[in-house]
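Structure file coords_3.cif with mmCIF, C-alpha atoms and all ligand atoms:
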data_input
loop_
_atom_site.label_atom_id
_atom_site.label_comp_id
_atom_site.auth_asym_id
_atom_site.auth_seq_id
_atom_site.Cartn_x
_atom_site.Cartn_y
_atom_site.Cartn_z
CA MET A 690 -18.46 -18.60 3.48
CA ARG A 691 -16.75 -15.32 2.49
CA SER A 692 -16.84 -14.49 -1.20
CA ILE A 693 -13.67 -14.98 -3.21
CA TYR A 694 -12.30 -11.79 -4.81
CA LEU A 695 -9.82 -12.39 -7.62
CA VAL A 696 -7.32 -9.56 -8.01
CA GLY A 697 -4.41 -9.18 -10.39
CA PHE A 698 -3.14 -7.21 -13.35
CA MET A 699 -4.90 -7.10 -16.73
CA GLY A 700 -4.31 -10.43 -18.44
CA SER A 701 -3.64 -12.37 -15.22
CA GLY A 702 -6.59 -14.67 -15.96
CA LYS A 703 -9.17 -13.48 -13.40
CA SER A 704 -12.17 -14.10 -15.69
CA SER A 705 -11.03 -17.56 -16.81
CA VAL A 706 -10.23 -18.57 -13.24
CA ALA A 707 -13.64 -17.27 -12.08
CA GLU A 708 -15.38 -19.41 -14.72
CA ALA A 709 -13.38 -22.49 -13.76
CA LEU A 710 -14.15 -21.87 -10.07
CA TYR A 711 -17.82 -21.73 -10.98
CA GLU A 712 -17.54 -25.14 -12.65
CA LYS A 713 -16.11 -26.61 -9.44
CA THR A 714 -18.16 -24.79 -6.80
CA LYS A 715 -21.35 -23.69 -8.63
CA LYS A 716 -21.14 -20.44 -6.69
CA PRO A 717 -22.34 -17.45 -8.69
CA ILE A 718 -19.64 -15.46 -10.48
CA LEU A 719 -19.62 -11.71 -10.89
CA ASP A 720 -17.25 -9.39 -12.68
CA THR A 721 -16.86 -5.79 -11.53
CA ASP A 722 -16.28 -4.50 -15.09
CA GLN A 723 -19.40 -6.27 -16.32
CA LEU A 724 -21.44 -4.88 -13.40
CA ILE A 725 -20.19 -1.37 -14.24
CA VAL A 726 -21.22 -1.78 -17.89
CA GLU A 727 -24.68 -2.99 -16.85
CA LYS A 728 -25.26 -0.31 -14.23
CA TYR A 729 -23.96 2.70 -16.16
CA ASN A 730 -24.97 1.48 -19.60
CA LEU A 731 -21.62 2.33 -21.22
CA THR A 732 -18.72 0.10 -22.26
CA ILE A 733 -15.44 0.38 -20.34
CA PRO A 734 -13.71 2.20 -23.26
CA GLU A 735 -16.69 4.58 -23.49
CA ILE A 736 -16.47 5.39 -19.78
CA PHE A 737 -12.74 6.14 -20.07
CA ALA A 738 -13.26 8.24 -23.23
CA GLN A 739 -16.37 10.14 -22.17
CA LYS A 740 -15.95 10.48 -18.41
CA GLY A 741 -12.29 9.82 -17.69
CA GLU A 742 -10.46 7.41 -15.41
CA PRO A 743 -11.33 9.11 -12.07
CA VAL A 744 -15.04 8.65 -12.79
CA PHE A 745 -14.43 5.02 -13.79
CA ARG A 746 -12.66 4.53 -10.44
CA GLU A 747 -15.67 5.98 -8.58
CA TYR A 748 -18.01 3.63 -10.41
CA GLU A 749 -15.67 0.76 -9.62
CA THR A 750 -15.72 1.54 -5.87
CA ASN A 751 -19.53 1.78 -5.86
CA ILE A 752 -19.79 -1.55 -7.62
CA LEU A 753 -17.20 -3.26 -5.42
CA LYS A 754 -19.12 -2.27 -2.30
CA SER A 755 -22.37 -3.58 -3.78
CA THR A 756 -21.01 -7.11 -4.38
CA PRO A 757 -22.19 -9.96 -2.11
CA ILE A 758 -19.61 -10.63 0.59
CA GLU A 759 -20.84 -14.20 1.08
CA ASP A 760 -20.86 -17.19 -1.26
CA ALA A 761 -19.86 -15.62 -4.57
CA ILE A 762 -16.79 -15.44 -6.80
CA ILE A 763 -15.91 -11.96 -7.97
CA ALA A 764 -13.41 -11.10 -10.70
CA THR A 765 -12.22 -7.51 -10.22
CA GLY A 766 -10.67 -4.96 -12.58
CA GLY A 767 -6.87 -4.80 -12.49
CA GLY A 768 -6.84 -1.29 -10.99
CA ILE A 769 -9.26 -1.94 -8.14
CA ILE A 770 -6.40 -1.99 -5.64
CA GLU A 771 -5.29 1.56 -6.48
CA LYS A 772 -7.71 3.19 -4.04
CA ASP A 773 -6.93 2.87 -0.32
CA GLU A 774 -10.65 2.66 0.29
CA ASN A 775 -11.02 -0.39 -1.94
CA ARG A 776 -8.04 -2.16 -0.37
CA THR A 777 -9.46 -1.57 3.10
CA TRP A 778 -12.85 -2.85 1.99
CA LEU A 779 -11.37 -5.94 0.35
CA LYS A 780 -9.26 -6.79 3.39
CA GLU A 781 -12.25 -6.43 5.70
CA ASN A 782 -14.80 -8.25 3.60
CA GLY A 783 -13.31 -10.68 1.13
CA ARG A 784 -11.17 -13.73 0.76
CA VAL A 785 -8.75 -12.16 -1.68
CA ILE A 786 -6.74 -14.21 -4.16
CA PHE A 787 -3.92 -12.48 -6.03
CA LEU A 788 -3.21 -14.06 -9.41
CA GLN A 789 0.43 -13.12 -9.87
CA THR A 790 1.61 -13.15 -13.46
CA SER A 791 4.94 -12.02 -14.88
CA TRP A 792 5.26 -9.07 -17.23
CA GLU A 793 6.53 -11.42 -19.95
CA GLU A 794 3.44 -13.60 -19.79
CA ILE A 795 1.01 -10.66 -19.56
CA SER A 796 2.50 -8.95 -22.59
CA LEU A 797 2.25 -12.17 -24.61
CA ARG A 798 -1.37 -12.76 -23.59
CA LEU A 799 -2.50 -9.19 -24.34
CA VAL A 800 -0.50 -8.62 -27.49
CA ASP A 801 -3.60 -8.19 -29.70
CA ASP A 802 -5.95 -6.80 -27.07
CA GLN A 803 -7.95 -3.76 -28.16
CA SER A 804 -10.54 -3.72 -25.40
CA ARG A 805 -8.61 -2.29 -22.47
CA PRO A 806 -8.17 1.48 -22.47
CA ILE A 807 -5.15 1.51 -20.17
CA TRP A 808 -3.42 -1.30 -22.03
CA ASN A 809 -4.01 0.53 -25.31
CA ASN A 810 -2.86 3.90 -24.05
CA GLN A 811 0.57 4.29 -25.65
CA ALA A 812 1.45 7.08 -23.24
CA ARG A 813 1.35 4.72 -20.27
CA ASP A 814 4.21 2.52 -19.17
CA LYS A 815 2.36 -0.71 -18.40
CA GLN A 816 5.37 -2.57 -17.08
CA LYS A 817 5.93 0.19 -14.52
CA LEU A 818 2.22 0.12 -13.69
CA LEU A 819 2.52 -3.60 -12.90
CA GLU A 820 5.55 -2.89 -10.70
CA ASP A 821 3.76 -0.04 -8.92
CA ARG A 822 0.62 -2.06 -8.32
CA THR A 823 2.28 -5.27 -7.16
CA PRO A 824 2.74 -4.13 -3.52
CA PHE A 825 -0.98 -3.29 -3.42
CA TYR A 826 -2.01 -6.71 -4.72
CA LEU A 827 0.26 -8.28 -2.11
CA GLU A 828 -1.17 -6.06 0.61
CA VAL A 829 -4.76 -7.21 0.05
CA ALA A 830 -4.06 -10.87 -0.72
CA ASP A 831 -5.01 -13.69 1.63
CA THR A 832 -3.62 -16.12 -0.94
CA ILE A 833 -1.05 -15.55 -3.70
CA VAL A 834 -1.15 -17.88 -6.68
CA SER A 835 1.56 -17.65 -9.29
CA THR A 836 -0.07 -18.29 -12.65
CA ASN A 837 3.03 -18.35 -14.86
CA GLY A 838 2.88 -21.32 -17.20
CA LYS A 839 0.04 -22.91 -15.22
CA LYS A 840 -3.20 -24.39 -16.49
CA VAL A 841 -6.42 -22.83 -15.21
CA GLU A 842 -7.45 -26.17 -13.60
CA ASP A 843 -4.24 -26.20 -11.55
CA ILE A 844 -4.73 -22.62 -10.42
CA VAL A 845 -8.26 -23.51 -9.29
CA LYS A 846 -6.98 -26.56 -7.39
CA GLU A 847 -4.51 -24.35 -5.51
CA ILE A 848 -7.23 -21.85 -4.61
CA LEU A 849 -9.63 -24.52 -3.37
CA ALA A 850 -6.91 -26.43 -1.48
CA ASP A 851 -6.11 -23.29 0.51
CA GLU A 852 -9.66 -22.74 1.75
C1 LIG A 901 -8.11 -1.81 -15.69
C2 LIG A 901 -8.35 -3.14 -15.92
C3 LIG A 901 -9.55 -3.61 -16.62
C4 LIG A 901 -10.70 -2.61 -16.47
C5 LIG A 901 -10.24 -1.25 -16.89
C6 LIG A 901 -9.06 -0.74 -16.07
C7 LIG A 901 -6.85 -1.42 -14.99
O1 LIG A 901 -9.96 -4.88 -16.11
O2 LIG A 901 -11.17 -2.58 -15.15
O3 LIG A 901 -9.93 -1.30 -18.26
O4 LIG A 901 -6.77 -0.28 -14.51
O5 LIG A 901 -5.95 -2.28 -14.89
P1 LIG A 901 -9.13 -6.26 -16.34
O6 LIG A 901 -8.11 -6.36 -15.26
O7 LIG A 901 -10.17 -7.32 -16.24
O8 LIG A 901 -8.53 -6.17 -17.70
#
Whole structure, structure tokens version:
Amino acid sequence: MRSIYLVGFMGSGKSSVAEALYEKTKKPILDTDQLIVEKYNLTIPEIFAQKGEPVFREYETNILKSTPIEDAIIATGGGIIEKDENRTWLKENGRVIFLQTSWEEISLRLVDDQSRPIWNNQARDKQKLLEDRTPFYLEVADTIVSTNGKKVEDIVKEILADE
């Protein structure tokens, strides 16, 4: 069966949903950010600070294309859909689930987050970024799951019911 790729903005719950999907399916879970950290031996904030976002995006594309397209669950970074190349690859190879979360809920969930360089960059308008990225998430999605106010178990049920 095609691997499940979870896409969505920072704070949309991709990692938690991936873990809960693992509990139900026992399929291996992977996380593109974690794979980047392991391969390049730098944390995500270090990559942004030392190499810059364009290099991070190159790493992200390399990692995406190295993920198993069968029988795995893959949580992706929120910006993976920015590159045309990644969207094409996702549409061709994955079963893509868009976890759609409102700005209000995202900003509540990430209020104390210090780990995400884009979220913590005061110069960036994150609400506009969410608006700009939403058409890209919709473009790649085979399934759209609204996560607002929902429990992880219910999100997982929706994903598995749609298989
Ligand atoms: C990013 C999201 C992060 C991570 C990096 C860039 C983005 O992943 O890939 O900090 O551009 O939205 P999460 O979506 O898991 O936070």
Determine, counting only C-alpha atoms, which protein, DNA and RNA residues have an atom within 12 Å of an atom of Ser705 (chain A); residues of the same chain fewer than 2 positions away are not included. Present the result as an MDAnalysis selection string. chainID A and resid 695 700:703 707:712 718:720 762:764 788 836 840:842 844:845
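Computed from the coordinates, the CA of Thr832 (chain A) to CA of Asp773 (chain A) distance equals 19.3 Å.
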Edge lengths and centre, in Å to one decimal, as lines of an AutoDock Vina configuration file: that's what I need for the box along x, y and z that holds all listed atoms of region 744-762 of chain A plus 5 Å on each side.
center_x = -17.5
center_y = -4.3
center_z = -6.4
size_x = 19.7
size_y = 35.8
size_z = 24.9
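For the pair CA of Asp831 (chain A) and CA of Arg776 (chain A), the interatomic distance is 12.1 Å.
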Can you pull out the residues contacting region 789-795 of chain A? Cut-off 12 Å, using only C-alpha atoms, and skip same-chain residues under 6 positions away; I want them as a PyMOL selection string. chain A and resi 695-703+767+801-802+808+814-820+822-827+830+832-839+844
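Here CA of Trp778 (chain A) is placed at a distance of 20.4 Å from CA of Pro717 (chain A).
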Measuring between all atoms listed in the file, which one of A:Asn751, A:Gln811, A:Ser804, A:Asn730 shows the shortest distance to ligand LIG 901 (chain A)? A:Ser804
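For the residues A:Thr777, A:Thr714, A:Thr721, A:Ser692, ranking by smallest atom-to-atom distance to ligand LIG 901 (chain A) using all atoms listed in the file places A:Thr721 first.
Shortest separation to ligand LIG 901 (chain A) among A:Glu749, A:Arg813, A:Leu797, A:Lys754 occurs at residue A:Glu749, atoms counted being only C-alpha atoms and all ligand atoms.
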Residue with smallest distance to ligand LIG 901 (chain A) - pool A:Val706, A:Ile807, A:Val800, A:Leu753, counting only C-alpha atoms and all ligand atoms: A:Ile807
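In this comparison, which uses all atoms listed in the file, the residue of A:Ser796, A:Ser704, A:Asn809, A:Asn782 approaching Pro757 (chain A) most closely is A:Asn782.
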